[in-house]
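J.: Contents of entry-v7.txt (compact mmCIF, C-alpha atoms):
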# COMPACT_ATOMS: atom_id res chain seq x y z
CA MET A 1 -16.67 1.61 9.12
CA SER A 2 -19.26 3.56 11.05
CA PHE A 3 -20.23 4.44 14.60
CA PRO A 4 -23.97 4.13 15.30
CA ASN A 5 -23.85 6.33 18.43
CA CYS A 6 -21.53 8.19 20.75
CA ASP A 7 -21.25 5.37 23.32
CA PHE A 8 -20.07 2.92 20.65
CA ALA A 9 -17.68 5.51 19.20
CA TYR A 10 -16.15 6.38 22.57
CA ARG A 11 -15.68 2.72 23.55
CA PHE A 12 -13.97 2.07 20.22
CA MET A 13 -11.74 5.14 20.61
CA LEU A 14 -10.72 4.13 24.15
CA LYS A 15 -9.44 0.84 22.68
CA GLU A 16 -7.59 2.79 19.98
CA LEU A 17 -5.98 5.09 22.56
CA LYS A 18 -4.89 2.06 24.58
CA LEU A 19 -3.21 0.58 21.48
CA LEU A 20 -1.54 3.90 20.69
CA ASN A 21 -0.29 4.68 24.19
CA ASP A 22 0.03 1.16 25.66
CA VAL A 23 -1.92 2.14 28.79
CA PHE A 24 -5.52 1.86 29.91
CA PHE A 25 -7.63 4.98 29.76
CA VAL A 26 -10.29 6.14 32.16
CA SER A 27 -13.29 7.72 30.49
CA GLN A 28 -15.32 10.47 32.05
CA PRO A 29 -18.50 11.75 30.43
CA VAL A 30 -18.46 15.54 30.26
CA TYR A 31 -20.57 18.35 28.90
CA GLY A 32 -23.88 16.73 29.71
CA ASN A 33 -22.66 13.25 28.70
CA LYS A 34 -22.27 14.45 25.09
CA HIS A 35 -18.47 14.40 25.17
CA CYS A 36 -15.86 12.13 26.70
CA LEU A 37 -12.66 12.96 28.54
CA ALA A 38 -10.05 10.18 28.27
CA TYR A 39 -7.03 10.10 30.54
CA SER A 40 -4.69 7.62 32.18
CA ASN A 41 -3.93 7.19 35.86
CA ASN A 42 -0.41 6.08 34.90
CA LYS A 43 1.97 8.04 37.12
CA ASP A 44 5.15 6.47 35.70
CA SER A 45 5.21 8.34 32.42
CA TYR A 46 3.50 11.11 30.51
CA VAL A 47 0.31 10.03 28.75
CA PRO A 48 -1.71 12.56 26.73
CA LYS A 49 -5.26 13.54 27.67
CA TYR A 50 -7.97 13.47 25.03
CA TYR A 51 -11.34 15.18 24.75
CA MET A 52 -13.65 13.34 22.35
CA ILE A 53 -16.63 14.84 20.57
CA PHE A 54 -19.01 12.64 18.59
CA LYS A 55 -20.23 14.28 15.37
CA ARG A 56 -22.84 13.17 12.86
CA ASP A 57 -22.18 15.85 10.23
CA PHE A 58 -19.65 18.46 9.20
CA PHE A 59 -20.49 22.17 9.18
CA ILE A 60 -21.33 22.23 5.47
CA SER A 61 -22.34 25.90 5.33
CA PHE A 62 -19.04 27.15 6.80
CA ASN A 63 -18.24 29.21 3.67
CA ILE A 64 -21.66 30.89 3.81
CA ALA A 65 -21.43 31.64 7.54
CA PHE A 66 -17.94 33.18 7.27
CA PRO A 67 -17.58 34.82 3.83
CA LYS A 68 -15.02 37.42 5.00
CA PHE A 69 -12.78 34.69 6.39
CA ILE A 70 -13.06 32.65 3.17
CA LYS A 71 -12.30 35.73 1.07
CA SER A 72 -9.10 36.27 3.10
CA HIS A 73 -8.26 32.54 3.22
CA PRO A 74 -9.63 30.89 0.05
CA GLU A 75 -7.30 27.91 0.54
CA LEU A 76 -9.35 26.99 3.62
CA SER A 77 -12.75 27.00 1.91
CA GLY A 78 -14.96 23.95 2.12
CA TYR A 79 -16.58 22.19 5.02
CA GLY A 80 -16.03 23.32 8.55
CA GLU A 81 -16.28 21.95 12.04
CA SER A 82 -17.54 23.51 15.24
CA ILE A 83 -17.30 23.18 18.98
CA ASN A 84 -19.28 24.90 21.70
CA VAL A 85 -17.33 27.67 23.42
CA ALA A 86 -18.11 26.12 26.82
CA ALA A 87 -16.87 22.69 25.67
CA LEU A 88 -13.58 24.08 24.39
CA ASP A 89 -13.15 26.03 27.63
CA LEU A 90 -13.74 22.79 29.55
CA ALA A 91 -11.17 20.91 27.46
CA CYS A 92 -8.62 23.66 28.14
CA LYS A 93 -9.48 23.64 31.86
CA TYR A 94 -8.71 19.89 31.96
CA ASN A 95 -5.36 20.52 30.20
CA VAL A 96 -6.31 18.27 27.31
CA ASP A 97 -3.59 17.60 24.75
CA LEU A 98 -5.84 16.77 21.80
CA LEU A 99 -9.44 17.26 20.80
CA LEU A 100 -10.73 14.26 18.85
CA PHE A 101 -13.67 14.83 16.51
CA VAL A 102 -15.13 11.35 16.07
CA HIS A 103 -17.54 11.24 13.13
CA SER A 104 -20.32 8.71 12.73
CA ASP A 105 -18.89 7.66 9.35
CA GLY A 106 -15.73 6.40 11.11
CA ARG A 107 -13.44 9.31 10.33
CA VAL A 108 -11.57 10.82 13.28
CA TYR A 109 -9.71 14.14 13.31
CA PHE A 110 -7.59 15.87 15.92
CA ILE A 111 -6.33 19.31 16.87
CA ASN A 112 -4.66 20.95 19.85
CA PRO A 113 -7.27 22.86 21.90
CA ILE A 114 -4.99 25.79 22.79
CA PHE A 115 -4.08 26.33 19.14
CA LEU A 116 -7.74 26.04 18.13
CA ARG A 117 -8.95 28.58 20.68
CA SER A 118 -6.32 31.15 19.71
CA TYR A 119 -7.06 30.60 15.99
CA VAL A 120 -10.83 31.03 16.20
CA ILE A 121 -10.52 34.09 18.44
CA LYS A 122 -7.88 35.65 16.16
CA HIS A 123 -10.14 35.16 13.12
CA SER A 124 -13.46 35.95 14.87
CA LEU A 125 -14.94 32.57 13.97
CA VAL A 126 -17.71 32.68 16.56
CA ARG A 127 -21.41 32.03 15.91
CA LYS A 128 -24.43 32.36 18.12
CA GLN A 129 -26.83 29.44 17.69
CA PHE A 130 -30.62 29.66 17.67
CA ASP A 131 -30.66 28.77 21.38
CA ASN A 132 -28.13 31.57 22.14
CA GLU A 133 -25.36 29.02 22.61
CA CYS A 134 -22.04 30.25 21.22
CA THR A 135 -19.85 28.03 19.08
CA TYR A 136 -16.42 28.35 17.59
CA SER A 137 -16.34 27.32 13.94
CA PHE A 138 -13.28 26.62 11.85
CA PRO A 139 -12.24 25.12 8.52
CA LEU A 140 -12.05 21.35 8.41
CA LYS A 141 -8.65 21.72 6.75
CA LEU A 142 -7.18 22.77 10.13
CA LEU A 143 -7.78 19.27 11.49
CA SER A 144 -5.43 16.34 11.01
CA PRO A 145 -6.67 12.80 10.40
CA PHE A 146 -6.30 10.46 13.36
CA GLU A 147 -5.04 7.14 12.03
CA LEU A 148 -6.99 4.18 13.36
CA SER A 149 -5.53 0.72 13.84
CA VAL A 150 -6.18 -2.05 11.33
CA GLU A 151 -9.06 -3.26 13.52
CA LYS A 152 -12.26 -2.08 11.84
CA VAL A 153 -15.70 -1.38 13.20
CA VAL A 154 -18.37 -3.80 12.10
CA SER A 155 -21.69 -2.09 11.51
Can you turn what I pasted into structure tokens?
T.:
Amino acid sequence: MSFPNCDFAYRFMLKELKLLNDVFFVSQPVYGNKHCLAYSNNKDSYVPKYYMIFKRDFFISFNIAFPKFIKSHPELSGYGESINVAALDLACKYNVDLLLFVHSDGRVYFINPIFLRSYVIKHSLVRKQFDNECTYSFPLKLLSPFELSVEKVVS
């Protein structure tokens, strides 16, 4: 299973969220059309909000970028993931329940944005990119796998 681009991935995930929650989701491109906010207009019951981020690769040099963190938390060594500070702030502003990291290889992971923000701030897991954009980085092991339905993506 693979997702060739973010549009394909987001359309697939909107179908998955409909199956999971039994309601239709509205999608709203956010963060310069790079991310997708998914929510329901259902007023009859609570339906979670999702913030989806399409990713091509993991942060493979996480251990190198944060050696002090890895020394203190060796059980969390390995690949990492990252999110722009502004994007996480936006997800929190929209009261999103779950961040979904949708990878091009078909794997999907989730985490609560409030937990994530407090964790990365507590552990000083902030990087400044070459373009002066700040990102929060964190161990991949903090994320939980998002189970997809039996329907598979055809490449």
J.: I want to know what sits within 12 Å of Val85 of chain A, based on all atoms listed in the file, with residues of the same chain fewer than 4 positions away left out; could you give that as number ranges by chain?
T.: A: 31, 89-92, 113, 116-117, 120-121, 125-129, 132-137
J.: Could you tell me how far atom CA of Asn84 of chain A lies from atom CA of Phe58 of chain A, in Å and to one decimal?
T.: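 Between atom CA of Asn84 of chain A and atom CA of Phe58 of chain A the gap works out to 14.1 Å.
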J.: Excluding same-chain residues fewer than 4 positions from Phe62 of chain A, what lies within 9 Å of it counting only C-alpha atoms, as a ChimeraX atom specification?
T.: /A:66-67,70,77-81,137-139
J.: Would you compute the distance between atom CA of Phe8 of chain A and atom CA of Phe24 of chain A? Give it in Å to one decimal.
T.: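 Interatomic distance, atom CA of Phe8 of chain A to atom CA of Phe24 of chain A: 17.3 Å.
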J.: Taking only C-alpha atoms into account, which of A:Val102, A:Leu37, A:Leu88, A:Ile60 comes nearest Ile114 of chain A?
T.: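 With only C-alpha atoms as the atom set, the closest residue is A:Leu88.
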J.: Skipping near chain neighbours, those fewer than 4 positions away, what residues fall within 8 Å of Ile53 of chain A using all atoms listed in the file, listed as a PyMOL selection string?
T.: chain A and resi 34-36+99-102
J.: Those same residues - C-alpha atoms - I'd like them written as a JSON list (two decimals), in the coordinates of the input.
T.:
[["chain", "number", "residue", "atom", "x", "y", "z"],
["A", 34, "LYS", "CA", -22.27, 14.45, 25.09],
["A", 35, "HIS", "CA", -18.47, 14.40, 25.17],
["A", 36, "CYS", "CA", -15.86, 12.13, 26.70],
["A", 99, "LEU", "CA", -9.44, 17.26, 20.80],
["A", 100, "LEU", "CA", -10.73, 14.26, 18.85],
["A", 101, "PHE", "CA", -13.67, 14.83, 16.51],
["A", 102, "VAL", "CA", -15.13, 11.35, 16.07]]
J.: Counting all atoms listed in the file, which of A:Tyr46, A:Phe110, A:Phe54, A:Phe59 gets nearest to Ser2 of chain A?
T.: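 Distance minimum relative to Ser2 of chain A lands on A:Phe54.
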J.: So, with all atoms listed in the file as the atoms that count, which of A:Tyr109, A:Phe25, A:Phe69, A:Phe146 lies closest to His123 of chain A?
T.: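 Going through A:Tyr109, A:Phe25, A:Phe69, A:Phe146 one by one, the smallest distance to His123 of chain A is for A:Phe69.
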J.: Of the candidates A:Asp131, A:Leu142, A:Leu148, A:Leu98, which one gets nearest to Tyr119 of chain A if we count only C-alpha atoms?
T.: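 Under the stated criterion, the closest residue is A:Leu142.
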J.: State, in Å with one decimal place, the distance from atom CA of Tyr50 of chain A to atom CA of Val26 of chain A.
T.: 10.5 Å
J.: Tell me which of A:Lys55, A:Asn21, A:Lys15, A:Pro48 sits closest to Tyr94 of chain A, counting all atoms listed in the file.
T.: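 For Tyr94 of chain A, the nearest of the given residues is A:Pro48.
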J.: Skip Phe3 of chain A itself and residues of its chain fewer than 6 positions away, then list as a list in words all residues within 7 Å of it, counting all atoms listed in the file.
T.: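 In the requested format, the answer is Ala9, Ser104, Asp105 and Gly106 of chain A.
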